[in-house]
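Chemist: Before anything else, here's the structure in question.
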Amino acid sequence: MPLYEYRCETCGEKEEKLEGFSAPTEHACEHCGTAAGMKRQISRTAFNLAGGGWHAQGYSGPAPEKKEAAPAPSSAPKGGCAGGCACHSPAKDN
Ligand SMILES: [Zn+2]
């Protein structure tokens with residue numbers, strides 16, 4: 001069961017609830033009494049468990065490494081032949 005964070009739009013009171021996926025995304029605020037004042041916020045529980053999450057480590061950091069490694073597999077010989085076979089020979093006289 002996911003942990004949802006609610007925040008009251010009227011008084012700013014915060015609240016965390018363990019609810020099912022089908023639970024309503026808003027309910028009355030017990031702090032100020034506003035009906036449907038408590039709005040469900042995006043849960044950050046998953047990111048907190050991962051120790052900060054991807055957004056804390058810099059999303060654009062390690063991206064260039066993947067671009068450099070990409071051409072390598074395409075230049076390698078395909079299939080089981082080593083290059084001296086018929087399918088790799090550039091000169092075909094007959
Ligand atoms: Zn409230």
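In the structure tokens, chains take letters A, B, ... by order of appearance, with residues numbered from 1 within each chain and ligands from 1 in the order shown.
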Which protein, DNA or RNA residues have an atom within 12 Å of ligand 1, counting only C-alpha atoms and all ligand atoms, as a VMD selection string?
Modeler: chain A and resid 6 to 15 26 to 39
Chemist: Can I get the selection written as a PDB file, in the first residue's frame, with C-alpha atoms?
Modeler:
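As a result, part.pdb now contains:
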```pdb
ATOM      1  CA  TYR A   6      -1.500  15.373   1.402  1.00  0.00           C
ATOM      2  CA  ARG A   7      -1.360  19.108   1.742  1.00  0.00           C
ATOM      3  CA  CYS A   8      -4.198  21.443   2.579  1.00  0.00           C
ATOM      4  CA  GLU A   9      -4.598  24.227   0.061  1.00  0.00           C
ATOM      5  CA  THR A  10      -6.272  26.417   2.643  1.00  0.00           C
ATOM      6  CA  CYS A  11      -4.059  26.200   5.729  1.00  0.00           C
ATOM      7  CA  GLY A  12      -1.009  24.366   4.401  1.00  0.00           C
ATOM      8  CA  GLU A  13      -1.307  21.515   6.869  1.00  0.00           C
ATOM      9  CA  LYS A  14       0.559  18.405   5.732  1.00  0.00           C
ATOM     10  CA  GLU A  15      -0.526  14.848   6.254  1.00  0.00           C
ATOM     11  CA  GLU A  26      -8.664  14.603  -1.760  1.00  0.00           C
ATOM     12  CA  HIS A  27     -10.464  14.738   1.566  1.00  0.00           C
ATOM     13  CA  ALA A  28     -11.528  17.155   4.237  1.00  0.00           C
ATOM     14  CA  CYS A  29      -8.828  18.903   6.244  1.00  0.00           C
ATOM     15  CA  GLU A  30      -9.106  18.084   9.925  1.00  0.00           C
ATOM     16  CA  HIS A  31      -6.946  21.064  10.808  1.00  0.00           C
ATOM     17  CA  CYS A  32      -9.022  23.927   9.374  1.00  0.00           C
ATOM     18  CA  GLY A  33     -12.165  22.016   8.457  1.00  0.00           C
ATOM     19  CA  THR A  34     -12.090  22.782   4.728  1.00  0.00           C
ATOM     20  CA  ALA A  35     -14.039  20.179   2.797  1.00  0.00           C
ATOM     21  CA  ALA A  36     -11.800  18.494   0.188  1.00  0.00           C
ATOM     22  CA  GLY A  37      -9.013  20.858   1.240  1.00  0.00           C
ATOM     23  CA  MET A  38      -6.448  18.060   1.500  1.00  0.00           C
ATOM     24  CA  LYS A  39      -5.003  17.386  -1.954  1.00  0.00           C
TER      25      LYS A  39
END
```
